[in-house]
Each structure stands twice: as structure tokens, then as C-alpha cells.
>>> print(open('upload37.cif').read())   # mmCIF, C-alpha atoms and all ligand atoms
data_model
#
loop_
_atom_site.label_atom_id
_atom_site.label_comp_id
_atom_site.auth_asym_id
_atom_site.auth_seq_id
_atom_site.Cartn_x
_atom_site.Cartn_y
_atom_site.Cartn_z
CA MET A 292 -27.57 -11.73 24.92
CA LYS A 293 -27.37 -15.46 24.38
CA PRO A 294 -24.14 -17.22 25.43
CA TRP A 295 -21.41 -16.98 22.78
CA PRO A 296 -19.72 -20.32 22.18
CA TYR A 297 -16.88 -19.16 19.91
CA PRO A 298 -13.34 -18.28 21.04
CA LEU A 299 -12.20 -14.65 21.06
CA TRP A 300 -9.35 -15.22 18.59
CA LEU A 301 -9.78 -16.50 15.05
CA ALA A 302 -6.95 -17.14 12.62
CA HIS A 303 -7.69 -15.41 9.28
CA ARG A 304 -7.85 -17.57 6.14
CA GLY A 305 -6.67 -20.41 8.36
CA ALA A 306 -3.49 -18.61 9.50
CA GLY A 307 -2.82 -17.70 5.91
CA LYS A 308 0.15 -15.36 6.05
CA LEU A 309 2.84 -17.69 7.38
CA ALA A 310 1.40 -20.57 5.36
CA PRO A 311 -0.62 -20.44 2.13
CA GLU A 312 -4.06 -18.98 2.87
CA ASN A 313 -7.12 -21.23 2.95
CA THR A 314 -5.14 -24.49 2.90
CA LEU A 315 -5.01 -27.29 5.42
CA ALA A 316 -1.34 -26.39 6.01
CA ALA A 317 -2.46 -22.97 7.23
CA PHE A 318 -4.95 -24.51 9.64
CA ARG A 319 -2.24 -26.82 10.99
CA LEU A 320 0.06 -23.87 11.50
CA GLY A 321 -2.59 -21.83 13.29
CA ALA A 322 -3.51 -24.74 15.55
CA GLY A 323 0.19 -25.08 16.38
CA PHE A 324 0.16 -21.50 17.64
CA GLY A 325 -2.75 -22.36 19.93
CA PHE A 326 -5.63 -21.08 17.84
CA ARG A 327 -8.91 -22.88 18.45
CA ALA A 328 -10.98 -20.94 15.92
CA PHE A 329 -10.47 -20.11 12.26
CA GLU A 330 -11.96 -18.00 9.50
CA CYS A 331 -11.87 -19.25 5.91
CA ASP A 332 -13.41 -18.40 2.54
CA VAL A 333 -15.63 -20.96 0.81
CA LYS A 334 -17.00 -21.01 -2.73
CA LEU A 335 -18.30 -23.58 -5.22
CA SER A 336 -16.81 -25.35 -8.20
CA ARG A 337 -18.88 -25.64 -11.38
CA ASP A 338 -20.15 -29.05 -10.26
CA GLY A 339 -21.09 -27.75 -6.81
CA GLU A 340 -18.18 -28.87 -4.61
CA ALA A 341 -17.62 -26.47 -1.68
CA PHE A 342 -13.92 -25.65 -1.29
CA LEU A 343 -11.63 -22.95 0.11
CA LEU A 344 -10.48 -20.00 -2.00
CA HIS A 345 -10.52 -16.25 -1.44
CA ASP A 346 -10.33 -14.71 -4.90
CA ASP A 347 -12.79 -14.85 -7.79
CA THR A 348 -9.96 -16.12 -9.97
CA LEU A 349 -7.29 -18.78 -9.51
CA GLU A 350 -4.15 -16.90 -10.55
CA ARG A 351 -2.94 -15.33 -7.31
CA THR A 352 -3.02 -18.35 -5.00
CA THR A 353 -2.92 -21.40 -7.28
CA SER A 354 -1.19 -22.81 -10.34
CA GLY A 355 -4.49 -22.53 -12.25
CA SER A 356 -6.13 -19.70 -14.14
CA GLY A 357 -9.57 -18.32 -14.78
CA SER A 358 -12.69 -18.53 -12.72
CA PRO A 359 -13.16 -21.47 -10.32
CA ASP A 360 -16.89 -21.63 -10.98
CA SER A 361 -16.23 -22.59 -14.59
CA GLN A 362 -14.17 -25.65 -13.60
CA ASP A 363 -15.16 -28.95 -12.03
CA TRP A 364 -13.70 -30.07 -8.72
CA SER A 365 -11.76 -32.87 -10.44
CA GLU A 366 -9.74 -30.16 -12.27
CA LEU A 367 -9.41 -27.83 -9.26
CA ALA A 368 -8.23 -30.69 -7.03
CA ARG A 369 -5.08 -31.05 -9.18
CA LEU A 370 -3.89 -27.46 -8.67
CA ASP A 371 -0.96 -26.37 -6.52
CA ALA A 372 -2.31 -23.92 -3.92
CA GLY A 373 0.94 -23.63 -1.94
CA GLY A 374 3.87 -23.09 -4.30
CA TRP A 375 2.97 -19.40 -4.83
CA HIS A 376 3.61 -18.85 -1.11
CA SER A 377 6.95 -20.59 -0.70
CA PRO A 378 8.75 -23.73 -1.90
CA ALA A 379 8.10 -25.55 1.37
CA TYR A 380 4.39 -25.56 0.56
CA ALA A 381 4.62 -26.58 -3.11
CA ALA A 382 1.92 -29.08 -4.15
CA GLU A 383 -0.33 -28.17 -1.22
CA PRO A 384 -3.83 -28.72 -2.65
CA LEU A 385 -6.99 -26.66 -2.45
CA PRO A 386 -8.99 -28.17 0.42
CA ARG A 387 -12.59 -29.28 0.21
CA PHE A 388 -14.83 -27.75 2.84
CA ALA A 389 -15.40 -31.27 4.18
CA GLN A 390 -11.67 -31.70 4.90
CA ILE A 391 -11.64 -28.51 6.92
CA ALA A 392 -14.67 -29.71 8.87
CA ALA A 393 -12.82 -32.93 9.68
CA PHE A 394 -9.70 -31.03 10.78
CA CYS A 395 -11.65 -28.66 13.02
CA GLN A 396 -13.65 -31.43 14.63
CA ALA A 397 -10.58 -33.61 15.22
CA ASN A 398 -8.80 -30.69 16.91
CA GLY A 399 -11.69 -29.17 18.84
CA CYS A 400 -11.60 -25.99 16.75
CA ALA A 401 -14.49 -23.69 15.90
CA LEU A 402 -14.97 -22.26 12.42
CA ASN A 403 -16.23 -19.05 10.86
CA VAL A 404 -17.10 -19.85 7.27
CA GLU A 405 -17.12 -16.80 5.07
CA ILE A 406 -19.43 -17.54 2.15
CA LYS A 407 -17.43 -16.00 -0.71
CA PRO A 408 -19.46 -16.55 -3.88
CA CYS A 409 -18.10 -16.02 -7.35
CA PRO A 410 -20.05 -13.14 -8.96
CA GLY A 411 -23.62 -14.18 -9.74
CA GLU A 412 -23.34 -17.30 -7.57
CA GLU A 413 -24.56 -15.72 -4.32
CA ALA A 414 -27.75 -17.70 -3.72
CA ARG A 415 -26.42 -21.02 -5.02
CA THR A 416 -23.31 -20.74 -2.86
CA GLY A 417 -25.14 -19.59 0.28
CA ALA A 418 -27.61 -22.46 0.11
CA ALA A 419 -25.03 -25.13 -0.74
CA VAL A 420 -22.54 -24.07 1.94
CA ALA A 421 -25.28 -23.97 4.58
CA ARG A 422 -26.57 -27.42 3.63
CA GLU A 423 -23.05 -28.86 3.65
CA ALA A 424 -22.24 -27.20 6.99
CA ALA A 425 -25.40 -28.58 8.59
CA ARG A 426 -24.53 -32.07 7.35
CA LEU A 427 -20.85 -31.93 8.34
CA TRP A 428 -21.37 -30.42 11.80
CA ALA A 429 -24.58 -32.27 12.74
CA GLY A 430 -24.80 -32.56 16.52
CA THR A 431 -21.71 -30.40 17.19
CA LEU A 432 -21.02 -26.66 17.57
CA PRO A 433 -21.95 -25.37 14.10
CA PRO A 434 -19.75 -22.98 12.16
CA LEU A 435 -20.68 -19.31 12.08
CA LEU A 436 -21.68 -18.50 8.49
CA SER A 437 -20.76 -14.97 7.43
CA SER A 438 -20.85 -13.02 4.20
CA PHE A 439 -20.60 -9.55 2.73
CA LYS A 440 -23.45 -10.61 0.44
CA PRO A 441 -26.96 -10.42 1.94
CA GLU A 442 -28.28 -12.60 -0.89
CA ALA A 443 -25.91 -15.40 0.12
CA LEU A 444 -26.95 -15.12 3.78
CA ALA A 445 -30.63 -15.11 2.83
CA ALA A 446 -30.14 -18.33 0.87
CA ALA A 447 -28.24 -19.84 3.79
CA ARG A 448 -31.05 -18.84 6.16
CA ASP A 449 -33.70 -20.35 3.89
CA ALA A 450 -31.73 -23.59 3.46
CA GLU A 451 -30.67 -24.09 7.10
CA PRO A 452 -32.42 -21.59 9.39
CA ALA A 453 -30.86 -23.03 12.56
CA LEU A 454 -27.26 -22.25 11.58
CA PRO A 455 -25.83 -19.03 13.06
CA ARG A 456 -25.20 -16.20 10.59
CA ALA A 457 -23.23 -12.96 10.62
CA LEU A 458 -23.24 -9.97 8.27
CA LEU A 459 -19.81 -8.73 7.19
CA LEU A 460 -19.42 -4.97 6.78
CA ASP A 461 -16.52 -3.16 5.17
CA GLU A 462 -18.49 0.07 5.53
CA LEU A 463 -21.63 0.99 7.44
CA TRP A 464 -23.94 1.31 4.43
CA ASP A 465 -27.33 2.95 4.88
CA ASP A 466 -29.78 0.26 5.94
CA TRP A 467 -27.39 -2.38 7.29
CA PRO A 468 -29.27 -2.77 10.62
CA GLU A 469 -32.56 -3.50 8.83
CA VAL A 470 -30.85 -5.95 6.48
CA ALA A 471 -29.11 -7.67 9.40
CA GLU A 472 -32.44 -7.92 11.22
CA SER A 473 -34.17 -9.45 8.21
CA LEU A 474 -31.35 -11.99 7.85
CA GLY A 475 -31.72 -13.05 11.48
CA VAL A 476 -28.01 -12.66 12.23
CA VAL A 477 -26.41 -13.39 15.59
CA ALA A 478 -23.35 -11.19 14.93
CA ILE A 479 -21.94 -8.34 12.88
CA VAL A 480 -18.34 -8.63 11.68
CA THR A 481 -16.77 -5.32 10.61
CA ASN A 482 -13.50 -3.99 9.38
CA TRP A 483 -11.75 -3.16 12.67
CA ARG A 484 -11.51 0.50 11.68
CA LEU A 485 -15.30 0.79 11.96
CA MET A 486 -15.54 -0.76 15.42
CA ASP A 487 -15.48 1.21 18.67
CA ARG A 488 -17.10 1.01 22.08
CA ALA A 489 -20.22 2.87 20.90
CA LEU A 490 -20.82 0.47 18.03
CA ILE A 491 -20.15 -2.56 20.22
CA GLU A 492 -22.71 -1.31 22.73
CA ARG A 493 -25.18 -0.59 19.95
CA LEU A 494 -24.77 -4.12 18.56
CA HIS A 495 -25.02 -5.71 21.99
CA GLY A 496 -28.16 -3.66 22.63
CA ARG A 497 -29.79 -5.39 19.67
CA GLY A 498 -28.63 -8.80 20.82
CA TRP A 499 -25.85 -9.09 18.23
CA ARG A 500 -22.26 -10.06 18.95
CA ALA A 501 -19.47 -7.82 17.62
CA LEU A 502 -16.48 -9.21 15.71
CA VAL A 503 -13.72 -7.60 13.67
CA TYR A 504 -11.29 -8.39 10.88
CA THR A 505 -8.30 -8.22 10.35
CA VAL A 506 -6.45 -7.03 13.46
CA ASN A 507 -2.66 -7.40 13.33
CA ASP A 508 -1.72 -4.74 15.86
CA ALA A 509 -1.51 -5.53 19.58
CA ASP A 510 -2.63 -2.06 20.68
CA VAL A 511 -5.73 -2.19 18.49
CA ALA A 512 -6.57 -5.66 19.84
CA GLU A 513 -6.12 -4.48 23.41
CA ARG A 514 -8.42 -1.49 22.85
CA LEU A 515 -11.10 -3.67 21.28
CA VAL A 516 -10.94 -6.22 24.09
CA ALA A 517 -11.35 -3.40 26.63
CA ASP A 518 -14.36 -2.17 24.62
CA GLY A 519 -16.03 -5.58 24.85
CA ILE A 520 -15.35 -7.15 21.45
CA ASP A 521 -16.54 -10.76 21.03
CA GLY A 522 -14.21 -11.95 18.27
CA ILE A 523 -10.97 -10.87 16.62
CA ILE A 524 -9.84 -12.26 13.28
CA THR A 525 -6.06 -11.96 12.83
CA ASP A 526 -3.27 -12.82 10.41
CA ALA A 527 -0.63 -12.34 13.10
CA VAL A 528 -0.87 -15.82 14.58
CA ASP A 529 2.75 -15.71 15.75
CA ARG A 530 2.32 -12.40 17.64
CA LEU A 531 -1.34 -12.20 18.72
CA GLY A 532 -3.90 -14.67 19.92
CA PRO A 533 -4.75 -17.20 22.57
CA GLN A 534 -1.18 -17.82 23.71
CA GLU A 535 -0.78 -14.17 24.51
CA GLY A 536 -2.82 -14.78 27.63
CA ARG A 537 -5.68 -12.37 27.01
CA ARG A 538 -8.48 -14.89 27.18
CA PRO A 539 -9.02 -18.29 25.60
O1 LIG A 601 -14.29 -12.76 7.20
C1 LIG A 601 -13.56 -11.62 7.44
C2 LIG A 601 -12.54 -11.32 6.38
O2 LIG A 601 -11.97 -12.51 5.92
C3 LIG A 601 -13.13 -10.56 5.24
O3 LIG A 601 -12.18 -10.14 4.31
O4 LIG A 601 -11.22 -10.29 2.06
O5 LIG A 601 -10.07 -11.39 3.94
O6 LIG A 601 -12.18 -12.34 3.07
P1 LIG A 601 -11.38 -11.08 3.31
MG MG A 602 -12.57 -13.97 4.47
#
>>> encode(input="upload37.cif", output="C-alpha cells")
Amino acid sequence: MKPWPYPLWLAHRGAGKLAPENTLAAFRLGAGFGFRAFECDVKLSRDGEAFLLHDDTLERTTSGSGSPDSQDWSELARLDAGGWHSPAYAAEPLPRFAQIAAFCQANGCALNVEIKPCPGEEARTGAAVAREAARLWAGTLPPLLSSFKPEALAAARDAEPALPRALLLDELWDDWPEVAESLGVVAIVTNWRLMDRALIERLHGRGWRALVYTVNDADVAERLVADGIDGIITDAVDRLGPQEGRRP
């Protein structure tokens, strides 16, 4: 297998349990706990701005409503993406993808960008996020682009073939190895419940790295590390991670 440049531990949604998910505040919090790699969800506004948001709608994590792909960035930029979490984070804005790139580069942090398209936006989002990532990270360690949506990864591959890609799996559907092969992935990222030593060895045998989400239990993490896992995405940034002394 080729050398793997990414840290073992990744903070999920930018450490988005103790701070509002997918905001710069969450990245700051995760970095404060020693994390040097993050996962976040990226989608597009109507006018094509790449920004961080998990859901297909704005209600749960912002002061807005409706679908983000039917609003321009100038409208989305005014929303409160922190007050839903706790008063201390009120008025925290939705971050542009470019701001997260700047934060990661300034702090020596790696990034796993989950391409999280609004429904029907798979190809447009995959291509745009890849192009923006290539521009923002030119000459530095690129982010790992991942997605549950093969169509988004195919568009990312066609737009920027040199960027590393990973297929996300919440279940091992029938022809996932063939799809992963055709997408030219470097890694498979599964729900941790699917991952065991046999699967890790199978992935490694095909030259793919093995990562998992979202591990918040120390015993599970320890078992996966013993099995040879390459990356662990966690919410539990105060209990698990690089400061725990497992490996940087
Ligand atoms: O990228 C791994 C993980 O974030 C996938 O699940 O729903 O938290 O985006 P979700
Ligand atoms: Mg995600």
C-alpha cells in the first residue's frame, strides 16, 4: 500500500458535539483538544458557493428554513448556525469551504471532506467541491474527498483526478467493491459496526485504506486499532483521540 499521510484520529463534523457541528467554532474546539484532522460535510448554495452543512434542510442546525440549494450564499451567510446548540455559540455563521481550508492550513490540520449533495445535486456538487479543493490546497496535502454517493465521487474524479477519494458505506451493498474500483478510491470509510479485522485485511489486500465513523467508545476504538484501522472519525473529542496517547 502507498504511504498514508492522514492522522489516525479525525474529529467528526469538526468536533461538532461540544460545539455546533460544521462551524469554525467546532474546528477550533477540536484543534484545542489536539486533533490534527477533521471530517466535515460540504454542499452547494444555489449560486454555487461550497459551504458546510450536514442536513438537506436548514431547520435543525440554523436559524433558516427550507433547502440550502434554493438559496444564494448571500442569504445563507446571514444565518445563525450556532444558537441552536447553546447560547455561547449564538450568531456563529455557516462557514464557507474556503474558510475551513484556511483554518486547516494555518493549523497544520488535514481534512476529510464529505461531499454531501442536496438531492439531485450529486454531480454538480462533486465536481465543484473537487475543483475548489484542488484550488485551495494547491501544493499542499490535499483533503480526502469522500461520499456515500458514487455519482458525486465520479464527478469529483472527472473534475480533479489527482485528488484522493473514498467511498462511504453505511452497509455493504452488493457491488460496492466494483464501484469503488471504478471510482479509483484510495480508501473505504464504513460505519464502524461493519468493520472488523477480516474486512480491514480485505481492503488492504486491494490497496485501500480502512476508515470508520463514528466511534465514541474507547473499547471499540482500541479493538479497531489492534485490527489495523487507518482512520477513526469521532465525536468524543474530549475523551478519545490524539491526546489519549494511542498514536498521532
Ligand atoms: O464521513 C463520515 C460520516 O460523517 C458520515 O455520516 O451522517 O455524520 O455525515 P454523517
Ligand atoms: Mg459527514
>>> closest_residue(input="upload37.cif", among="A:Ala445, A:Leu531, A:Val516, A:Ile524", to="ligand LIG 601 (chain A)", atoms="only C-alpha atoms and all ligand atoms")
A:Ile524
>>> residues_near_ligand(input="upload37.cif", ligand="ligand LIG 601 (chain A)", cutoff="8 Å", atoms="all atoms listed in the file", output="list in words")
His303, Arg304, Glu330, Cys331, Asp332, His345, Asn403, Val404, Glu405, Lys407, Ser437, Ser438, Phe439, Leu459, Val480, Thr481, Asn482, Val503, Tyr504, Thr505 and Ile524 of chain A
>>> closest_residue(input="upload37.cif", among="A:Ala478, A:Ala446, A:Ala471, A:Ile406", to="ligand MG 602 (chain A)", atoms="only C-alpha atoms and all ligand atoms")
A:Ile406
>>> residues_near_point(input="upload37.cif", point="(-13.3, -27.6, 12.2)", cutoff="10 Å", atoms="all atoms listed in the file", output="MDAnalysis selection string")
chainID A and resid 318 327:329 388:404 427:428 432:434
>>> residues_around(input="upload37.cif", residues="Arg387 in chain A", least_positions_apart="5", cutoff="8 Å", atoms="all atoms listed in the file", output="count of residues only")
4
>>> atom_distance(input="upload37.cif", atom1="CA of Ser361 in chain A", atom2="CA of Arg337 in chain A")
5.2 Å
>>> atom_distance(input="upload37.cif", atom1="CA of Arg488 in chain A", atom2="CA of Pro468 in chain A")
17.1 Å
>>> closest_residue(input="upload37.cif", among="A:Gly339, A:Asp346, A:Pro311, A:Thr431", to="ligand MG 602 (chain A)", atoms="only C-alpha atoms and all ligand atoms")
A:Asp346
>>> atom_distance(input="upload37.cif", atom1="CA of Trp464 in chain A", atom2="CA of Lys440 in chain A")
12.6 Å
>>> closest_residue(input="upload37.cif", among="A:Trp467, A:Thr525, A:Glu451, A:Ala429", to="ligand MG 602 (chain A)", atoms="all atoms listed in the file")
A:Thr525
>>> residues_around(input="upload37.cif", residues="Asp508 in chain A", least_positions_apart="4", cutoff="10 Å", atoms="all atoms listed in the file", output="count of residues only")
7
>>> build_atoms(input="upload37.cif", residues="range 322-351 of chain A", atoms="N, CA and C atoms", output="mmCIF file, in the coordinates of the input")
data_model
loop_
_atom_site.group_PDB
_atom_site.id
_atom_site.type_symbol
_atom_site.label_atom_id
_atom_site.label_comp_id
_atom_site.auth_asym_id
_atom_site.auth_seq_id
_atom_site.Cartn_x
_atom_site.Cartn_y
_atom_site.Cartn_z
ATOM 1 N N ALA A 322 -3.245 -23.888 14.388
ATOM 2 C CA ALA A 322 -3.510 -24.740 15.550
ATOM 3 C C ALA A 322 -2.232 -24.907 16.376
ATOM 4 N N GLY A 323 -1.093 -24.961 15.691
ATOM 5 C CA GLY A 323 0.190 -25.080 16.380
ATOM 6 C C GLY A 323 0.508 -23.866 17.236
ATOM 7 N N PHE A 324 -0.019 -22.716 16.836
ATOM 8 C CA PHE A 324 0.160 -21.500 17.640
ATOM 9 C C PHE A 324 -0.919 -21.356 18.707
ATOM 10 N N GLY A 325 -1.755 -22.373 18.852
ATOM 11 C CA GLY A 325 -2.750 -22.360 19.930
ATOM 12 C C GLY A 325 -4.130 -21.883 19.533
ATOM 13 N N PHE A 326 -4.305 -21.560 18.243
ATOM 14 C CA PHE A 326 -5.630 -21.080 17.840
ATOM 15 C C PHE A 326 -6.640 -22.219 17.871
ATOM 16 N N ARG A 327 -7.830 -21.902 18.381
ATOM 17 C CA ARG A 327 -8.910 -22.880 18.450
ATOM 18 C C ARG A 327 -10.127 -22.403 17.676
ATOM 19 N N ALA A 328 -9.918 -21.387 16.834
ATOM 20 C CA ALA A 328 -10.980 -20.940 15.920
ATOM 21 C C ALA A 328 -10.330 -20.340 14.680
ATOM 22 N N PHE A 329 -10.999 -20.530 13.549
ATOM 23 C CA PHE A 329 -10.470 -20.110 12.260
ATOM 24 C C PHE A 329 -11.549 -19.443 11.427
ATOM 25 N N GLU A 330 -11.103 -18.539 10.555
ATOM 26 C CA GLU A 330 -11.960 -18.000 9.500
ATOM 27 C C GLU A 330 -11.419 -18.534 8.190
ATOM 28 N N CYS A 331 -12.318 -18.864 7.246
ATOM 29 C CA CYS A 331 -11.870 -19.250 5.910
ATOM 30 C C CYS A 331 -12.934 -18.850 4.898
ATOM 31 N N ASP A 332 -12.524 -18.823 3.628
ATOM 32 C CA ASP A 332 -13.410 -18.400 2.540
ATOM 33 C C ASP A 332 -13.828 -19.623 1.736
ATOM 34 N N VAL A 333 -15.136 -19.763 1.506
ATOM 35 C CA VAL A 333 -15.630 -20.960 0.810
ATOM 36 C C VAL A 333 -16.456 -20.543 -0.402
ATOM 37 N N LYS A 334 -16.194 -21.226 -1.518
ATOM 38 C CA LYS A 334 -17.000 -21.010 -2.730
ATOM 39 C C LYS A 334 -17.249 -22.354 -3.401
ATOM 40 N N LEU A 335 -17.910 -22.333 -4.555
ATOM 41 C CA LEU A 335 -18.300 -23.580 -5.220
ATOM 42 C C LEU A 335 -17.608 -23.759 -6.560
ATOM 43 N N SER A 336 -17.259 -25.009 -6.856
ATOM 44 C CA SER A 336 -16.810 -25.350 -8.200
ATOM 45 C C SER A 336 -18.027 -25.411 -9.128
ATOM 46 N N ARG A 337 -17.758 -25.569 -10.428
ATOM 47 C CA ARG A 337 -18.880 -25.640 -11.380
ATOM 48 C C ARG A 337 -19.852 -26.753 -11.012
ATOM 49 N N ASP A 338 -19.294 -27.896 -10.578
ATOM 50 C CA ASP A 338 -20.150 -29.050 -10.260
ATOM 51 C C ASP A 338 -20.598 -29.052 -8.792
ATOM 52 N N GLY A 339 -20.444 -27.912 -8.110
ATOM 53 C CA GLY A 339 -21.090 -27.750 -6.810
ATOM 54 C C GLY A 339 -20.298 -28.220 -5.611
ATOM 55 N N GLU A 340 -19.000 -28.493 -5.773
ATOM 56 C CA GLU A 340 -18.180 -28.870 -4.610
ATOM 57 C C GLU A 340 -17.811 -27.592 -3.836
ATOM 58 N N ALA A 341 -18.022 -27.611 -2.519
ATOM 59 C CA ALA A 341 -17.620 -26.470 -1.680
ATOM 60 C C ALA A 341 -16.143 -26.636 -1.315
ATOM 61 N N PHE A 342 -15.354 -25.582 -1.565
ATOM 62 C CA PHE A 342 -13.920 -25.650 -1.290
ATOM 63 C C PHE A 342 -13.420 -24.270 -0.894
ATOM 64 N N LEU A 343 -12.163 -24.204 -0.433
ATOM 65 C CA LEU A 343 -11.630 -22.950 0.110
ATOM 66 C C LEU A 343 -10.848 -22.171 -0.951
ATOM 67 N N LEU A 344 -11.217 -20.919 -1.120
ATOM 68 C CA LEU A 344 -10.480 -20.000 -2.000
ATOM 69 C C LEU A 344 -10.998 -18.606 -1.729
ATOM 70 N N HIS A 345 -10.096 -17.631 -1.692
ATOM 71 C CA HIS A 345 -10.520 -16.250 -1.440
ATOM 72 C C HIS A 345 -10.945 -15.536 -2.706
ATOM 73 N N ASP A 346 -10.113 -15.564 -3.735
ATOM 74 C CA ASP A 346 -10.330 -14.710 -4.900
ATOM 75 C C ASP A 346 -11.394 -15.280 -5.845
ATOM 76 N N ASP A 347 -11.857 -14.413 -6.746
ATOM 77 C CA ASP A 347 -12.790 -14.850 -7.790
ATOM 78 C C ASP A 347 -12.068 -15.564 -8.921
ATOM 79 N N THR A 348 -10.742 -15.453 -8.932
ATOM 80 C CA THR A 348 -9.960 -16.120 -9.970
ATOM 81 C C THR A 348 -8.831 -16.916 -9.302
ATOM 82 N N LEU A 349 -8.241 -17.813 -10.080
ATOM 83 C CA LEU A 349 -7.290 -18.780 -9.510
ATOM 84 C C LEU A 349 -5.847 -18.292 -9.510
ATOM 85 N N GLU A 350 -5.545 -17.256 -10.271
ATOM 86 C CA GLU A 350 -4.150 -16.900 -10.550
ATOM 87 C C GLU A 350 -3.300 -16.616 -9.310
ATOM 88 N N ARG A 351 -3.799 -15.811 -8.399
ATOM 89 C CA ARG A 351 -2.940 -15.330 -7.310
ATOM 90 C C ARG A 351 -2.484 -16.463 -6.380
#
